[in-house]
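Below is the file input.txt, which contains compact mmCIF, C-alpha atoms and all ligand atoms.
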```
# COMPACT_ATOMS: atom_id res chain seq x y z
CA MET A 1061 22.92 -24.98 94.85
CA ASN A 1062 21.32 -21.62 94.36
CA GLY A 1063 23.57 -19.87 91.88
CA GLU A 1064 22.18 -16.38 92.09
CA ASP A 1065 22.46 -16.59 95.83
CA PHE A 1066 26.09 -17.61 95.48
CA ARG A 1067 26.75 -14.69 93.17
CA SER A 1068 25.27 -12.18 95.59
CA LYS A 1069 27.18 -13.71 98.51
CA LEU A 1070 30.43 -13.43 96.61
CA ARG A 1071 29.62 -9.87 95.68
CA GLU A 1072 28.82 -8.95 99.27
CA PHE A 1073 32.06 -10.52 100.36
CA HIS A 1074 34.09 -8.56 97.82
CA LEU A 1075 32.40 -5.29 98.74
CA ARG A 1076 32.96 -5.92 102.43
CA SER A 1077 36.66 -6.61 102.02
CA LYS A 1078 36.97 -3.50 99.88
CA GLU A 1079 35.28 -1.31 102.48
CA GLN A 1080 37.43 -2.52 105.31
CA SER A 1081 40.47 -2.04 103.09
CA SER A 1082 41.91 -5.06 104.83
CA GLN A 1083 41.68 -8.64 103.87
CA GLU A 1084 38.44 -10.20 104.93
CA SER A 1085 39.02 -13.72 106.15
CA ARG A 1086 37.03 -16.57 104.74
CA VAL A 1087 38.36 -18.94 107.34
CA ILE A 1088 37.05 -19.77 110.78
CA LEU A 1089 39.24 -21.91 112.99
CA GLU A 1090 37.82 -24.03 115.75
CA ASP A 1091 39.73 -26.14 118.20
CA GLU A 1092 38.34 -29.57 118.71
CA LYS A 1093 37.64 -29.83 122.43
CA LYS A 1094 36.97 -33.51 122.75
CA MET A 1095 39.95 -34.72 120.77
CA ASN A 1096 43.65 -34.19 121.11
CA ASN A 1097 45.68 -32.68 118.30
CA ALA A 1098 42.62 -31.97 116.24
CA CYS A 1099 41.12 -28.91 114.66
CA CYS A 1100 38.23 -27.93 112.49
CA VAL A 1101 38.46 -25.34 109.74
CA LYS A 1102 35.40 -23.74 108.22
CA LEU A 1103 35.83 -22.32 104.75
CA TYR A 1104 33.25 -19.88 103.50
CA LEU A 1105 32.39 -19.82 99.76
CA GLU A 1106 34.13 -23.08 98.99
CA ASP A 1107 32.83 -26.48 97.94
CA HIS A 1108 33.91 -30.04 97.21
CA THR A 1109 36.65 -28.84 94.85
CA ILE A 1110 38.77 -27.57 97.71
CA GLY A 1111 37.31 -29.95 100.28
CA ASN A 1112 38.30 -33.16 98.59
CA LEU A 1113 41.61 -31.75 97.39
CA THR A 1114 42.63 -30.76 100.91
CA ARG A 1115 41.43 -33.95 102.49
CA MET A 1116 43.29 -36.24 100.11
CA ASN A 1117 46.46 -34.23 100.27
CA LEU A 1118 46.35 -34.06 104.05
CA LEU A 1119 46.18 -37.84 104.15
CA LYS A 1120 49.45 -37.94 102.25
CA GLN A 1121 51.29 -36.63 105.26
CA LYS A 1122 52.51 -39.32 107.60
CA GLU A 1123 51.72 -37.25 110.69
CA VAL A 1124 48.03 -36.93 109.86
CA THR A 1125 45.90 -39.67 111.37
CA PHE A 1126 42.52 -38.39 110.28
CA SER A 1127 41.15 -35.86 107.87
CA GLY A 1128 37.70 -35.44 106.45
CA TYR A 1129 35.44 -32.76 105.06
CA ARG A 1130 31.77 -32.12 104.64
CA GLN A 1131 29.49 -29.52 103.30
CA ILE A 1132 27.52 -28.36 106.29
CA HIS A 1133 24.28 -27.86 104.37
CA PRO A 1134 23.55 -28.00 100.64
CA LEU A 1135 22.23 -24.43 100.75
CA GLN A 1136 25.12 -23.01 102.74
CA HIS A 1137 28.27 -22.17 100.88
CA THR A 1138 30.55 -23.44 103.59
CA ILE A 1139 32.64 -26.53 104.04
CA GLU A 1140 34.20 -27.90 107.16
CA ILE A 1141 37.52 -29.73 107.24
CA LYS A 1142 38.54 -31.75 110.26
CA VAL A 1143 42.09 -32.86 110.87
CA GLN A 1144 43.77 -34.88 113.54
CA THR A 1145 47.48 -35.48 113.77
CA ASN A 1146 49.57 -37.87 115.81
CA GLY A 1147 50.97 -35.01 117.88
CA SER A 1148 54.32 -34.50 116.22
CA ILE A 1149 52.97 -31.47 114.35
CA LYS A 1150 50.07 -29.15 115.01
CA PRO A 1151 46.98 -29.71 112.87
CA TYR A 1152 47.08 -26.10 111.65
CA ASP A 1153 50.61 -26.57 110.45
CA ALA A 1154 49.61 -29.75 108.63
CA ILE A 1155 46.92 -27.82 106.77
CA GLN A 1156 49.27 -24.96 106.00
CA LYS A 1157 51.85 -27.36 104.66
CA THR A 1158 49.25 -29.03 102.46
CA PHE A 1159 48.23 -25.70 100.95
CA GLN A 1160 51.84 -24.75 100.40
CA ASP A 1161 52.53 -28.04 98.63
CA LEU A 1162 49.43 -27.71 96.50
CA SER A 1163 50.32 -24.17 95.55
CA ASP A 1164 53.77 -25.30 94.40
CA GLU A 1165 52.28 -28.19 92.53
CA PHE A 1166 49.81 -26.03 90.64
CA LYS A 1167 52.56 -23.60 89.81
CA ASN A 1168 54.59 -26.43 88.32
CA LEU A 1169 51.59 -27.71 86.44
CA GLU A 1170 50.90 -24.24 85.02
CA GLU A 1171 54.44 -23.94 83.73
CA GLU A 1172 54.41 -27.44 82.34
CA TRP A 1173 51.09 -26.84 80.62
CA ALA A 1174 52.28 -23.63 78.99
CA ARG A 1175 55.43 -25.37 77.80
CA LYS A 1176 53.59 -28.40 76.44
CA VAL A 1177 51.04 -26.25 74.60
CA ALA A 1178 53.79 -24.20 73.01
CA GLU A 1179 55.58 -27.38 71.95
CA LYS A 1180 52.44 -28.90 70.52
CA GLU A 1181 51.56 -25.73 68.61
CA LYS A 1182 55.04 -25.56 67.16
CA HIS A 1183 54.80 -29.18 66.14
CA GLN A 1184 51.44 -28.62 64.47
CA MET A 1185 52.76 -25.56 62.64
CA LYS A 1186 55.59 -27.65 61.24
CA LEU A 1187 53.18 -30.31 60.05
CA GLU A 1188 51.10 -27.72 58.23
CA ILE A 1189 54.10 -26.40 56.37
CA MET B 757 41.87 -47.40 110.02
CA TYR B 758 41.83 -47.07 106.31
CA LYS B 759 44.91 -45.36 105.02
CA TYR B 760 45.37 -44.53 101.40
CA ASN B 761 48.48 -45.79 99.77
CA PHE B 762 50.02 -42.77 98.14
CA GLU B 763 53.14 -42.43 96.20
CA GLN B 764 55.04 -39.87 98.20
CA ASN B 765 55.85 -36.69 96.30
CA SER B 766 54.52 -38.08 93.10
CA GLN B 767 55.55 -36.09 90.08
CA HIS B 768 52.83 -34.80 87.84
CA ARG B 769 53.20 -35.16 84.16
CA ILE B 770 51.13 -33.84 81.29
CA GLU B 771 51.18 -35.03 77.70
CA ILE B 772 49.03 -33.35 75.08
CA LEU B 773 47.45 -35.79 72.67
CA GLU B 774 45.23 -33.53 70.62
CA LEU B 775 45.01 -29.78 70.45
CA SER B 776 42.84 -27.36 68.55
CA ASP B 777 41.01 -24.18 69.49
CA GLU B 778 37.84 -26.06 70.31
CA LYS B 779 39.09 -29.35 71.62
CA CYS B 780 41.95 -30.58 73.70
CA LYS B 781 42.86 -34.05 74.83
CA PHE B 782 45.66 -34.71 77.22
CA SER B 783 46.91 -37.33 79.58
CA PHE B 784 47.60 -36.40 83.14
CA GLU B 785 49.78 -38.48 85.34
CA GLY B 786 49.25 -37.79 88.99
CA ASP B 787 46.80 -37.69 91.82
CA LEU B 788 43.11 -38.40 91.39
CA SER B 789 42.15 -35.58 93.75
CA ILE B 790 44.12 -33.08 91.70
CA ALA B 791 42.70 -34.37 88.43
CA ASN B 792 39.21 -34.03 89.80
CA ALA B 793 39.86 -30.55 91.16
CA ILE B 794 41.04 -29.44 87.74
CA ARG B 795 37.94 -30.91 86.12
CA ARG B 796 35.58 -29.30 88.60
CA VAL B 797 37.25 -25.91 88.29
CA MET B 798 37.11 -26.06 84.48
CA ILE B 799 33.38 -26.66 84.65
CA ALA B 800 32.40 -24.32 87.42
CA GLU B 801 35.02 -21.72 88.22
CA VAL B 802 36.72 -20.34 85.15
CA PRO B 803 35.37 -16.81 84.78
CA VAL B 804 33.79 -15.73 81.50
CA MET B 805 31.30 -13.09 80.40
CA ALA B 806 27.59 -13.58 79.79
CA ILE B 807 24.59 -11.32 79.51
CA HIS B 808 23.10 -11.06 82.98
CA PHE B 809 20.72 -8.09 82.95
CA VAL B 810 18.47 -7.01 80.11
CA ASP B 811 16.65 -3.68 79.94
CA ILE B 812 13.62 -4.20 77.76
CA ILE B 813 12.65 -0.95 76.10
CA GLU B 814 10.34 -2.38 73.52
CA ASN B 815 9.37 -5.95 72.79
CA THR B 816 6.58 -6.81 70.40
CA SER B 817 8.25 -10.02 69.26
CA PRO B 818 6.42 -13.35 69.71
CA LEU B 819 8.58 -14.16 72.72
CA SER B 820 7.78 -12.84 76.16
CA ASP B 821 10.28 -10.57 77.90
CA GLU B 822 11.55 -13.28 80.24
CA PHE B 823 11.98 -15.74 77.42
CA LEU B 824 13.92 -13.19 75.39
CA ALA B 825 16.18 -12.36 78.34
CA GLN B 826 16.86 -16.05 78.95
CA ARG B 827 17.82 -16.59 75.33
CA LEU B 828 20.11 -13.57 75.36
CA GLY B 829 21.81 -14.84 78.50
CA LEU B 830 22.69 -18.16 76.93
CA ILE B 831 24.61 -16.63 74.02
CA PRO B 832 28.30 -17.42 74.56
CA LEU B 833 30.52 -14.34 74.47
CA VAL B 834 34.18 -14.49 73.52
CA SER B 835 35.85 -13.55 76.79
CA TYR B 836 39.61 -13.56 76.43
CA ALA B 837 39.71 -10.43 78.59
CA ALA B 838 37.49 -11.74 81.37
CA ASP B 839 40.16 -12.83 83.82
CA SER B 840 42.08 -9.57 83.86
CA LYS B 841 41.29 -6.88 86.38
CA MET B 842 38.88 -5.40 83.86
CA TYR B 843 35.58 -6.87 84.93
CA ASP B 844 34.76 -7.16 88.57
CA TRP B 845 32.11 -8.77 90.70
CA GLU B 846 30.75 -5.49 91.96
CA ALA B 847 28.83 -4.76 88.79
CA ASP B 848 25.09 -4.77 89.17
CA ALA B 849 22.05 -3.63 87.28
CA ASP B 850 21.98 -0.28 89.01
CA SER B 851 25.68 0.50 88.79
CA ILE B 852 26.39 3.25 86.30
CA ASP B 853 27.55 2.30 82.85
CA ASP B 854 31.12 1.50 83.59
CA GLN B 855 33.42 0.07 80.98
CA LYS B 856 35.47 -1.46 83.74
CA THR B 857 32.77 -3.69 85.10
CA LYS B 858 30.56 -4.61 82.22
CA VAL B 859 29.95 -4.69 78.51
CA VAL B 860 26.71 -3.36 77.14
CA PHE B 861 25.09 -4.55 73.93
CA THR B 862 22.08 -3.01 72.25
CA LEU B 863 19.69 -4.83 70.02
CA ARG B 864 17.34 -2.65 68.02
CA GLN B 865 15.48 -4.12 65.09
CA LYS B 866 12.17 -3.55 63.42
CA ASN B 867 10.74 -5.62 60.61
CA LEU B 868 9.06 -3.53 57.92
CA ASN B 869 8.83 -6.27 55.30
CA ASP B 870 6.30 -9.00 54.85
CA ALA B 871 8.86 -11.76 55.19
CA PRO B 872 9.78 -12.71 58.75
CA LEU B 873 13.07 -11.36 60.01
CA GLU B 874 15.36 -13.59 62.01
CA ILE B 875 17.07 -11.79 64.86
CA THR B 876 20.42 -13.36 65.68
CA SER B 877 23.44 -12.63 67.81
CA GLN B 878 24.89 -10.76 64.83
CA HIS B 879 22.44 -7.95 65.51
CA LEU B 880 23.90 -7.32 68.97
CA GLU B 881 25.95 -4.14 68.86
CA PRO B 882 28.50 -3.34 71.53
CA GLU B 883 27.89 0.08 72.97
CA PHE B 884 31.42 1.24 73.61
CA GLY B 885 33.38 0.29 70.55
CA GLN B 886 35.31 -2.85 71.29
CA VAL B 887 37.85 -3.93 68.76
CA GLY B 888 40.51 -6.53 68.28
CA GLU B 889 41.21 -9.97 69.66
CA MET B 890 40.35 -9.05 73.22
CA ALA B 891 36.93 -7.64 72.44
CA ILE B 892 33.96 -9.15 74.21
CA ARG B 893 31.60 -10.19 71.42
CA PRO B 894 29.20 -13.02 70.67
CA VAL B 895 30.95 -16.11 69.31
CA ARG B 896 30.77 -16.48 65.58
CA MET B 897 28.71 -19.33 64.29
CA PHE B 898 28.99 -20.75 60.80
CA SER B 899 26.34 -22.64 58.93
CA PRO B 900 27.21 -26.34 58.64
CA ILE B 901 25.68 -26.39 55.14
CA ASN B 902 27.42 -23.62 53.23
CA GLY B 903 29.96 -22.35 55.73
CA LYS B 904 28.50 -18.86 55.71
CA GLU B 905 28.46 -16.95 58.95
CA VAL B 906 25.10 -17.11 60.64
CA GLY B 907 24.38 -15.78 64.08
CA ILE B 908 22.82 -17.60 66.98
CA PRO B 909 19.04 -17.21 66.60
CA ILE B 910 17.32 -15.15 69.28
CA THR B 911 13.83 -14.55 67.95
CA ARG B 912 11.87 -13.88 64.78
CA LEU B 913 9.91 -10.77 63.92
CA GLY B 914 6.73 -10.60 61.84
CA LYS B 915 5.66 -7.51 59.96
CA ASN B 916 5.86 -4.31 62.06
CA GLN B 917 7.12 -6.16 65.11
CA SER B 918 10.19 -4.80 66.83
CA VAL B 919 12.62 -5.37 69.66
CA HIS B 920 14.73 -2.82 71.44
CA VAL B 921 16.75 -4.07 74.38
CA ARG B 922 19.95 -3.21 76.22
CA CYS B 923 21.95 -6.16 77.52
CA HIS B 924 24.49 -5.93 80.33
CA ALA B 925 27.14 -8.62 80.15
CA LEU B 926 28.87 -9.37 83.44
CA LYS B 927 31.61 -11.67 84.56
CA GLY B 928 30.66 -14.85 86.33
CA PHE B 929 31.45 -18.51 86.62
CA GLY B 930 29.61 -21.77 86.16
CA LYS B 931 28.76 -22.18 89.80
CA MET B 932 26.37 -19.24 89.54
CA HIS B 933 24.64 -20.22 86.33
CA ALA B 934 25.41 -22.64 83.52
CA LYS B 935 25.61 -19.79 80.99
CA TRP B 936 29.00 -18.87 82.44
CA THR B 937 30.45 -22.33 81.83
CA PRO B 938 33.21 -22.10 79.21
CA ILE B 939 33.18 -25.78 78.30
CA ASN B 940 30.84 -28.25 76.69
CA ILE B 941 32.64 -31.30 77.96
CA ALA B 942 35.26 -31.76 80.59
CA THR B 943 35.76 -35.37 81.52
CA PHE B 944 38.58 -37.64 82.46
CA ARG B 945 38.92 -41.38 82.48
CA HIS B 946 41.52 -43.94 83.40
CA GLU B 947 44.08 -45.07 80.94
CA ALA B 948 44.07 -48.81 80.28
CA GLU B 949 46.92 -51.16 80.91
CA LEU B 950 47.04 -54.17 78.60
CA ASN B 951 49.36 -57.07 79.21
CA PHE B 952 49.83 -60.15 77.08
CA ASP B 953 50.43 -63.50 78.60
CA HIS B 954 53.65 -64.25 76.76
CA SER B 955 53.46 -67.99 77.26
CA GLN B 956 50.32 -67.93 75.14
CA THR B 957 51.23 -65.35 72.52
CA GLN B 958 53.85 -67.60 71.01
CA SER B 959 51.28 -70.24 70.15
CA LEU B 960 49.14 -67.76 68.21
CA SER B 961 48.92 -68.15 64.49
CA LEU B 962 49.28 -65.15 62.23
CA PHE B 963 45.58 -65.26 61.44
CA GLU B 964 44.67 -65.24 65.12
CA LYS B 965 46.95 -62.30 65.74
CA GLN B 966 45.39 -60.43 62.90
CA SER B 967 41.87 -61.15 64.08
CA ILE B 968 42.72 -59.85 67.56
CA ARG B 969 44.19 -56.75 65.99
CA ASP B 970 41.10 -56.24 63.87
CA SER B 971 38.67 -56.97 66.71
CA CYS B 972 39.56 -53.70 68.41
CA PRO B 973 37.27 -50.90 67.29
CA MET B 974 39.74 -48.23 68.36
CA ASN B 975 42.81 -49.65 66.57
CA VAL B 976 44.83 -50.05 69.71
CA PHE B 977 46.88 -52.97 68.42
CA ALA B 978 49.37 -53.19 65.60
CA MET B 979 51.83 -55.69 64.15
CA ASP B 980 55.53 -55.06 64.43
CA ALA B 981 58.21 -56.08 61.94
CA ASN B 982 58.38 -59.65 63.31
CA GLN B 983 54.64 -60.09 62.87
CA ASP B 984 54.14 -59.88 66.61
CA LEU B 985 51.12 -58.33 68.19
CA ILE B 986 51.97 -55.09 70.00
CA VAL B 987 50.00 -52.42 71.80
CA ASN B 988 50.36 -49.33 69.71
CA ALA B 989 47.98 -46.63 70.97
CA ILE B 990 46.96 -47.49 74.49
CA GLU B 991 45.40 -44.09 75.13
CA LYS B 992 42.66 -44.89 72.64
CA CYS B 993 41.38 -47.92 74.53
CA VAL B 994 37.80 -47.50 75.72
CA PHE B 995 37.55 -50.64 77.89
CA CYS B 996 35.09 -52.36 75.57
CA GLU B 997 36.75 -55.76 76.10
CA GLU B 998 36.24 -56.78 72.47
CA CYS B 999 39.82 -58.01 72.30
CA ILE B 1000 39.33 -60.19 75.37
CA ARG B 1001 36.15 -61.68 73.90
CA CYS B 1002 38.01 -62.38 70.68
CA ALA B 1003 40.74 -64.17 72.62
CA GLU B 1004 38.12 -66.14 74.52
CA SER B 1005 36.62 -67.33 71.24
CA MET B 1006 40.06 -68.72 70.43
CA LYS B 1007 39.98 -70.63 73.72
CA LYS B 1008 42.65 -68.41 75.20
CA PRO B 1009 40.74 -66.53 77.88
CA ARG B 1010 43.76 -65.32 79.81
CA LEU B 1011 45.70 -64.09 76.84
CA ILE B 1012 45.06 -60.40 77.43
CA LYS B 1013 44.91 -58.89 80.86
CA MET B 1014 43.34 -55.50 81.12
CA GLN B 1015 43.29 -53.16 84.10
CA HIS B 1016 43.06 -49.51 84.93
CA LYS B 1017 46.42 -47.87 85.10
CA LYS B 1018 46.87 -46.21 88.47
CA ASN B 1019 47.33 -42.46 88.57
CA LYS B 1020 47.02 -41.85 84.88
CA TYR B 1021 44.00 -40.10 83.44
CA ILE B 1022 42.95 -38.96 80.02
CA PHE B 1023 41.15 -35.64 79.89
CA THR B 1024 38.84 -34.45 77.15
CA VAL B 1025 38.08 -30.74 77.16
CA GLU B 1026 35.78 -29.17 74.62
CA SER B 1027 35.33 -25.44 74.58
CA ALA B 1028 31.96 -23.76 74.08
CA GLY B 1029 33.65 -20.89 72.25
CA GLN B 1030 34.23 -18.32 75.00
CA LEU B 1031 37.86 -19.34 75.48
CA LYS B 1032 40.30 -21.58 73.68
CA ALA B 1033 40.43 -25.10 75.03
CA ALA B 1034 44.09 -24.81 76.04
CA ASP B 1035 43.39 -21.52 77.80
CA ILE B 1036 40.60 -23.07 79.83
CA VAL B 1037 43.00 -25.59 81.33
CA GLN B 1038 45.59 -22.89 81.92
CA LYS B 1039 43.05 -20.65 83.60
CA ALA B 1040 41.69 -23.50 85.70
CA LEU B 1041 45.19 -24.13 87.04
CA ILE B 1042 45.64 -20.43 87.81
CA VAL B 1043 42.26 -20.27 89.55
CA LEU B 1044 43.17 -23.28 91.66
CA ARG B 1045 46.54 -21.88 92.66
CA LYS B 1046 45.05 -18.52 93.56
CA LYS B 1047 42.34 -20.19 95.61
CA VAL B 1048 44.83 -22.28 97.54
CA ASP B 1049 47.13 -19.30 98.12
CA GLU B 1050 44.26 -17.16 99.30
CA ILE B 1051 43.00 -19.75 101.73
CA SER B 1052 46.44 -20.37 103.15
CA GLN B 1053 46.85 -16.61 103.67
CA ASP B 1054 43.47 -16.36 105.34
CA LEU B 1055 44.32 -19.31 107.48
CA SER B 1056 47.51 -17.81 108.86
CA PHE B 1057 45.62 -14.55 109.40
CA ALA B 1058 42.93 -16.34 111.37
CA GLN B 1059 45.51 -18.25 113.33
CA GLN B 1060 47.32 -15.07 114.34
CA GLN B 1061 44.12 -13.46 115.52
CA GLN B 1062 43.23 -16.46 117.58
CA GLN B 1063 46.56 -16.49 119.36
CA ILE B 1064 46.19 -12.84 120.37
S1 LIG C 1 39.27 -53.13 75.35
FE1 LIG C 1 38.34 -52.53 73.40
S2 LIG C 1 39.35 -50.61 72.86
FE2 LIG C 1 40.58 -51.55 74.47
S3 LIG C 1 42.16 -52.70 73.37
FE3 LIG C 1 40.49 -54.14 73.76
S4 LIG C 1 39.20 -54.04 71.96
FE4 LIG C 1 40.53 -52.24 71.87
```
Go ahead and express the file in the form of structure tokens.
Amino acid sequence: MNGEDFRSKLREFHLRSKEQSSQESRVILEDEKKMNNACCVKLYLEDHTIGNLTRMNLLKQKEVTFSGYRQIHPLQHTIEIKVQTNGSIKPYDAIQKTFQDLSDEFKNLEEEWARKVAEKEKHQMKLEI
Amino acid sequence: MYKYNFEQNSQHRIEILELSDEKCKFSFEGDLSIANAIRRVMIAEVPVMAIHFVDIIENTSPLSDEFLAQRLGLIPLVSYAADSKMYDWEADADSIDDQKTKVVFTLRQKNLNDAPLEITSQHLEPEFGQVGEMAIRPVRMFSPINGKEVGIPITRLGKNQSVHVRCHALKGFGKMHAKWTPINIATFRHEAELNFDHSQTQSLSLFEKQSIRDSCPMNVFAMDANQDLIVNAIEKCVFCEECIRCAESMKKPRLIKMQHKKNKYIFTVESAGQLKAADIVQKALIVLRKKVDEISQDLSFAQQQQQI
């Protein structure tokens, strides 16, 4: 992927959201017309990191019957996530819940990492003495 | 339809195996998708500083201007301060010298002697005096031979040749250019799971046990007090199957059963010098959380707008 292009896109995006002094949204929602209980989310300036993470964690929910993602074009910095649920919850809510869960999980991991590093450093200090 | 078999609400666990400033090894118990996200973010999305624009005032060195700029860009800069609010994306070549958005280095050398002069990263001088731990400066490199500090070579000057350049270091991440990647290596692999067939272990002689123990190049096995073969350091196993071949040569092909342990991965992270290895992981986790939070905010924003 063209890195310099990505840098300038990110810069443009930051400048735009600063000018408007409101949050610029990177998300475009599209209802799926041909399918029930399905939606398509386009994420600007994201790649497989978020795509795969969201897809796999969406599949963890029992209500989700399908989820998949793709990068629309290798030169476009946009991914598209499609979700279908069995109708007991809305697809948007399924996505929101996934992000909430992931956010909590990363918070836990951060704390755990900091704790483990401190422990390990202490242990190594002791060994040196 | 294919449905993945997940452990519901699986708990993540981290265990640090090795830790130094440059290198960190840890085991991660949890989801593959999360492990891979952490790896990808460490490689491509942890922000650090690197020289991005170079004003060439004078260059009579043997290297062309573009070549010189490229070499300057690849010098790793210690960037402990890079994730704070200090350095922002808005910086550009034409933006005024602003300490908040960039760090400027000057390099001004002229060789007046007959002997060639090696220009290294040690000759880069920060323009606004940066001091202390948090300063943005080129990483220090030590000679492997005598341990003396040597800089990273940039170019060499013959007699009466000179360089005078100003370098603007900006924040960026690996997705934009590899010079902003804070790591040399970030990989993960499965942990092995070794099981002995206990009906066969009893018939092993002491010599056979010892030869299985010694067949492993990574010293995974050990003997316990009862002279029984035990698995001592499973995280070292590299799936070379030497132990299985050794057992086969003893006509006991099903003695050791080896498989990938599910949901447990061993990470190796090696820093390139910009950040400490442990900090890279920490920052990767923060970047991921912020990303997820931001998207979920944007999503609810977009949803609200659509309903109106
Ligand atoms: S597979 Fe190789 S590294 Fe692993 S236990 Fe057997 S001999 Fe040792």
Measuring atom to atom with only C-alpha atoms, identify which of A:Arg1130, A:Glu1092, A:Gln1144, A:Leu1119 is nearest to chain B.
A:Leu1119
Would you mind listing the residues within 12 Å of ligand LIG 1 (chain C), counting all atoms listed in the file, as number ranges by chain?
B: 946-952, 967-978, 985-1003, 1011-1016
Write the residues you've just listed into a file as a PDB file, in the frame of the given file, and include C-alpha atoms for each of them.
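Heads up, here's the output in again23.pdb:
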```pdb
ATOM      1  CA  HIS B 946      41.520 -43.940  83.400  1.00  0.00           C
ATOM      2  CA  GLU B 947      44.080 -45.070  80.940  1.00  0.00           C
ATOM      3  CA  ALA B 948      44.070 -48.810  80.280  1.00  0.00           C
ATOM      4  CA  GLU B 949      46.920 -51.160  80.910  1.00  0.00           C
ATOM      5  CA  LEU B 950      47.040 -54.170  78.600  1.00  0.00           C
ATOM      6  CA  ASN B 951      49.360 -57.070  79.210  1.00  0.00           C
ATOM      7  CA  PHE B 952      49.830 -60.150  77.080  1.00  0.00           C
ATOM      8  CA  SER B 967      41.870 -61.150  64.080  1.00  0.00           C
ATOM      9  CA  ILE B 968      42.720 -59.850  67.560  1.00  0.00           C
ATOM     10  CA  ARG B 969      44.190 -56.750  65.990  1.00  0.00           C
ATOM     11  CA  ASP B 970      41.100 -56.240  63.870  1.00  0.00           C
ATOM     12  CA  SER B 971      38.670 -56.970  66.710  1.00  0.00           C
ATOM     13  CA  CYS B 972      39.560 -53.700  68.410  1.00  0.00           C
ATOM     14  CA  PRO B 973      37.270 -50.900  67.290  1.00  0.00           C
ATOM     15  CA  MET B 974      39.740 -48.230  68.360  1.00  0.00           C
ATOM     16  CA  ASN B 975      42.810 -49.650  66.570  1.00  0.00           C
ATOM     17  CA  VAL B 976      44.830 -50.050  69.710  1.00  0.00           C
ATOM     18  CA  PHE B 977      46.880 -52.970  68.420  1.00  0.00           C
ATOM     19  CA  ALA B 978      49.370 -53.190  65.600  1.00  0.00           C
ATOM     20  CA  LEU B 985      51.120 -58.330  68.190  1.00  0.00           C
ATOM     21  CA  ILE B 986      51.970 -55.090  70.000  1.00  0.00           C
ATOM     22  CA  VAL B 987      50.000 -52.420  71.800  1.00  0.00           C
ATOM     23  CA  ASN B 988      50.360 -49.330  69.710  1.00  0.00           C
ATOM     24  CA  ALA B 989      47.980 -46.630  70.970  1.00  0.00           C
ATOM     25  CA  ILE B 990      46.960 -47.490  74.490  1.00  0.00           C
ATOM     26  CA  GLU B 991      45.400 -44.090  75.130  1.00  0.00           C
ATOM     27  CA  LYS B 992      42.660 -44.890  72.640  1.00  0.00           C
ATOM     28  CA  CYS B 993      41.380 -47.920  74.530  1.00  0.00           C
ATOM     29  CA  VAL B 994      37.800 -47.500  75.720  1.00  0.00           C
ATOM     30  CA  PHE B 995      37.550 -50.640  77.890  1.00  0.00           C
ATOM     31  CA  CYS B 996      35.090 -52.360  75.570  1.00  0.00           C
ATOM     32  CA  GLU B 997      36.750 -55.760  76.100  1.00  0.00           C
ATOM     33  CA  GLU B 998      36.240 -56.780  72.470  1.00  0.00           C
ATOM     34  CA  CYS B 999      39.820 -58.010  72.300  1.00  0.00           C
ATOM     35  CA  ILE B1000      39.330 -60.190  75.370  1.00  0.00           C
ATOM     36  CA  ARG B1001      36.150 -61.680  73.900  1.00  0.00           C
ATOM     37  CA  CYS B1002      38.010 -62.380  70.680  1.00  0.00           C
ATOM     38  CA  ALA B1003      40.740 -64.170  72.620  1.00  0.00           C
ATOM     39  CA  LEU B1011      45.700 -64.090  76.840  1.00  0.00           C
ATOM     40  CA  ILE B1012      45.060 -60.400  77.430  1.00  0.00           C
ATOM     41  CA  LYS B1013      44.910 -58.890  80.860  1.00  0.00           C
ATOM     42  CA  MET B1014      43.340 -55.500  81.120  1.00  0.00           C
ATOM     43  CA  GLN B1015      43.290 -53.160  84.100  1.00  0.00           C
ATOM     44  CA  HIS B1016      43.060 -49.510  84.930  1.00  0.00           C
TER      45      HIS B1016
END
```
Determine, using all atoms listed in the file, which residues of chain A have any atom at most 6 Å from an atom of chain B, and tabulate each with its shortest atom pair and distance in Å to one decimal place, rows ordered by chain and then rising number, as a tab-separated table.
```
residue	atom	partner	partner_atom	distance
A:Gly1063	CA	B:Met932	CA	3.7
A:Glu1064	CA	B:Met932	CA	5.7
A:Arg1067	CA	B:Met932	CA	5.8
A:Arg1071	CA	B:Trp845	CA	5.7
A:Ser1085	CA	B:Asp1054	CA	5.2
A:Val1087	CA	B:Leu1055	CA	6.0
A:Thr1109	CA	B:Ala793	CA	5.2
A:Leu1113	CA	B:Ser789	CA	5.3
A:Phe1159	CA	B:Val1048	CA	5.9
A:Ser1163	CA	B:Arg1045	CA	5.3
A:Phe1166	CA	B:Arg1045	CA	5.7
```
Gap from CA of Arg864 in chain B to CA of Ile910 in chain B - Å, one decimal
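It comes out at 12.6 Å.
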Kindly indicate which residue among A:Lys1182, A:Arg1115, A:His1137, A:Lys1150 lies nearest to Leu1162 in chain A, using all atoms listed in the file for the distances.
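Going through A:Lys1182, A:Arg1115, A:His1137, A:Lys1150 one by one, the smallest distance to Leu1162 in chain A is for A:Arg1115.
A straight line drawn from CA of Lys935 in chain B to CA of Ile1022 in chain B is 25.9 Å long.
CA of Lys781 in chain B sits 15.0 Å away from CA of Ala1028 in chain B.
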Can you pull out every residue within 7 Å of Lys1032 in chain B, counting all atoms listed in the file, but drop anything in the same chain fewer than 4 positions away, and send it as a ChimeraX atom specification?
/B:777-778,1027,1036
Take the residues from that selection and write them out as a tab-separated table (two decimals), keeping the file's coordinate frame, keeping C-alpha atoms.
```tsv
chain	number	residue	atom	x	y	z
B	777	ASP	CA	41.01	-24.18	69.49
B	778	GLU	CA	37.84	-26.06	70.31
B	1027	SER	CA	35.33	-25.44	74.58
B	1036	ILE	CA	40.60	-23.07	79.83
```
